[in-house]
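Note sheet for the following structure.
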Amino acid sequence: MEIIKYQFQHHGDARGQLAVLEEGKEFPFPAKRIYYIYGTQPGIARGFHAHKALDQVLICIHGSCKILLDNGREKTTVELNDPAEGLLVGHGVWHEMHDFTQDAILLVLASDFYQESDYIRDYDTFLAFMGVDKQ
Ligand code: T46
């Protein structure tokens, strides 16, 4: 499946680094909501759902973690470990986040406000939503 990543503007100098994300340039939608996941306990995986309409860009701004992406037909895993890089997790993609380092901070830009009704938390329901026959 296609992996879409964004490289952010990266302004480094002798003082350190500064990354910039501008809507329409480094990410594709107005971010109505921003949240972040941190303090993830060892061995814990999160996610295990897809969104019906929500698009998101995931940025691991500290530490690292892995993101499993699954469109119902293909699966792939992407490691995030660069604070100047974002991963698009579009709607209709089942995703699981795992292998968080203890210092990991996963920042998420979301295209809409939180709505539990936008979540598909059951894998068979996800396959049906995507029109994929269960193997
Ligand atoms: C996603 C992945 C990448 C809210 O009340 N508002 C919010 O904006 C969010 C994101 C969560 N919550 C509540 C809902 C649950 O009671 O926070 C609790 C934990 O959420 P959840 O179990 O869905 O967390 P993850 O890490 O499994 O998933 C989160 C996002 O919810 C989800 O949209 O795509 O990160």
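By convention here, the chains of the structure tokens are called A, B, ... in the order presented, each chain's residues are numbered starting at 1, and ligands are numbered starting at 1 in the order presented.
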
Original post:
Which residues, written as a list in words, have at least one atom at most 10 Å from Tyr38 in chain A, with only C-alpha atoms counted and residues fewer than 4 positions away on the same chain left out?
Top reply: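 Non-adjacent residues within range: Cys60, His62, Gly63, Phe100, Thr101, Gln102, Asp103, Ala104, Ile105, Leu106 and Leu107 of chain A.
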
For Gln56 in chain A: contacts at 10 Å, only C-alpha atoms, fewer than 4 positions along chain excluded, given as an mmCIF file with N, CA, C and O atoms, in the first residue's frame:
```
data_model
loop_
_atom_site.group_PDB
_atom_site.id
_atom_site.type_symbol
_atom_site.label_atom_id
_atom_site.label_comp_id
_atom_site.auth_asym_id
_atom_site.auth_seq_id
_atom_site.Cartn_x
_atom_site.Cartn_y
_atom_site.Cartn_z
ATOM 1 N N PHE A 27 1.338 19.711 5.361
ATOM 2 C CA PHE A 27 0.268 18.751 5.635
ATOM 3 C C PHE A 27 -0.985 19.202 4.894
ATOM 4 O O PHE A 27 -1.165 20.390 4.631
ATOM 5 N N PRO A 28 -1.843 18.244 4.520
ATOM 6 C CA PRO A 28 -2.836 18.503 3.473
ATOM 7 C C PRO A 28 -4.198 19.014 3.907
ATOM 8 O O PRO A 28 -5.043 19.241 3.046
ATOM 9 N N PHE A 29 -4.451 19.206 5.202
ATOM 10 C CA PHE A 29 -5.802 19.614 5.609
ATOM 11 C C PHE A 29 -5.699 20.588 6.788
ATOM 12 O O PHE A 29 -4.706 20.574 7.518
ATOM 13 N N ALA A 31 -5.941 21.543 10.379
ATOM 14 C CA ALA A 31 -5.943 20.697 11.583
ATOM 15 C C ALA A 31 -6.919 21.291 12.600
ATOM 16 O O ALA A 31 -6.657 22.329 13.200
ATOM 17 N N ARG A 33 -7.857 19.644 15.245
ATOM 18 C CA ARG A 33 -7.572 19.057 16.568
ATOM 19 C C ARG A 33 -6.135 18.566 16.562
ATOM 20 O O ARG A 33 -5.652 18.032 15.563
ATOM 21 N N ILE A 34 -5.482 18.778 17.700
ATOM 22 C CA ILE A 34 -4.112 18.290 17.881
ATOM 23 C C ILE A 34 -4.085 17.546 19.208
ATOM 24 O O ILE A 34 -4.620 18.031 20.208
ATOM 25 N N HIS A 51 -10.700 4.979 10.904
ATOM 26 C CA HIS A 51 -11.663 6.074 10.918
ATOM 27 C C HIS A 51 -12.467 6.084 9.627
ATOM 28 O O HIS A 51 -11.931 5.815 8.551
ATOM 29 N N GLY A 86 6.329 13.495 8.926
ATOM 30 C CA GLY A 86 4.976 13.102 9.308
ATOM 31 C C GLY A 86 4.465 11.983 8.417
ATOM 32 O O GLY A 86 4.861 11.881 7.253
ATOM 33 N N LEU A 87 3.590 11.164 8.972
ATOM 34 C CA LEU A 87 3.001 10.035 8.237
ATOM 35 C C LEU A 87 1.499 10.269 8.113
ATOM 36 O O LEU A 87 0.814 10.475 9.131
ATOM 37 N N LEU A 88 0.989 10.219 6.891
ATOM 38 C CA LEU A 88 -0.465 10.345 6.699
ATOM 39 C C LEU A 88 -1.141 9.030 7.064
ATOM 40 O O LEU A 88 -0.767 7.963 6.557
ATOM 41 N N VAL A 89 -2.110 9.114 7.949
ATOM 42 C CA VAL A 89 -2.991 7.970 8.208
ATOM 43 C C VAL A 89 -4.383 8.450 7.791
ATOM 44 O O VAL A 89 -5.071 9.154 8.544
ATOM 45 N N GLY A 90 -4.731 8.121 6.573
ATOM 46 C CA GLY A 90 -5.997 8.593 6.031
ATOM 47 C C GLY A 90 -7.169 7.779 6.571
ATOM 48 O O GLY A 90 -7.004 6.747 7.219
ATOM 49 N N HIS A 91 -8.384 8.273 6.255
ATOM 50 C CA HIS A 91 -9.574 7.515 6.649
ATOM 51 C C HIS A 91 -9.553 6.167 5.911
ATOM 52 O O HIS A 91 -8.933 6.035 4.843
ATOM 53 N N VAL A 108 -0.275 14.196 16.953
ATOM 54 C CA VAL A 108 -1.223 13.887 15.872
ATOM 55 C C VAL A 108 -1.992 15.150 15.472
ATOM 56 O O VAL A 108 -2.570 15.837 16.326
ATOM 57 N N LEU A 109 -1.975 15.438 14.168
ATOM 58 C CA LEU A 109 -2.809 16.505 13.596
ATOM 59 C C LEU A 109 -4.029 15.827 12.994
ATOM 60 O O LEU A 109 -3.877 14.914 12.166
ATOM 61 N N ALA A 110 -5.207 16.255 13.404
ATOM 62 C CA ALA A 110 -6.430 15.578 12.951
ATOM 63 C C ALA A 110 -7.314 16.563 12.191
ATOM 64 O O ALA A 110 -7.415 17.739 12.552
ATOM 65 N N SER A 111 -7.975 16.049 11.152
ATOM 66 C CA SER A 111 -8.770 16.915 10.279
ATOM 67 C C SER A 111 -10.111 17.305 10.882
ATOM 68 O O SER A 111 -10.819 18.134 10.312
ATOM 69 N N ASP A 112 -10.480 16.696 12.004
ATOM 70 C CA ASP A 112 -11.779 17.027 12.597
ATOM 71 C C ASP A 112 -11.746 16.838 14.109
ATOM 72 O O ASP A 112 -10.796 16.258 14.662
#
```

Between chain A and ligand 1, at 6 Å or less, what are the per-residue closest atom pairs and their distances in Å? Count only C-alpha atoms and all ligand atoms, order by chain and rising residue number, and return it as a Markdown table.
```
| residue | atom | partner | partner_atom_place_in_ligand_line | distance |
| --- | --- | --- | --- | --- |
| A:Arg46 | CA | ligand 1 | 27 (O) | 4.3 |
| A:Gly47 | CA | ligand 1 | 27 (O) | 3.3 |
| A:Tyr114 | CA | ligand 1 | 8 (O) | 4.6 |
```

**OP:** Mind checking which residues fall within 12 Å of Glu74 in chain A, counting only C-alpha atoms, ignoring those fewer than 5 positions away in the same chain, and posting them as a PyMOL selection string?
**Re:** chain A and resi 1-3+68-69+93-95+127+132

Original post:
Between A:Glu79, A:Glu85, A:Glu116, A:Asp122, which is the closest to Tyr6 in chain A once you count only C-alpha atoms?
Top reply: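 Distance minimum relative to Tyr6 in chain A lands on A:Glu85.
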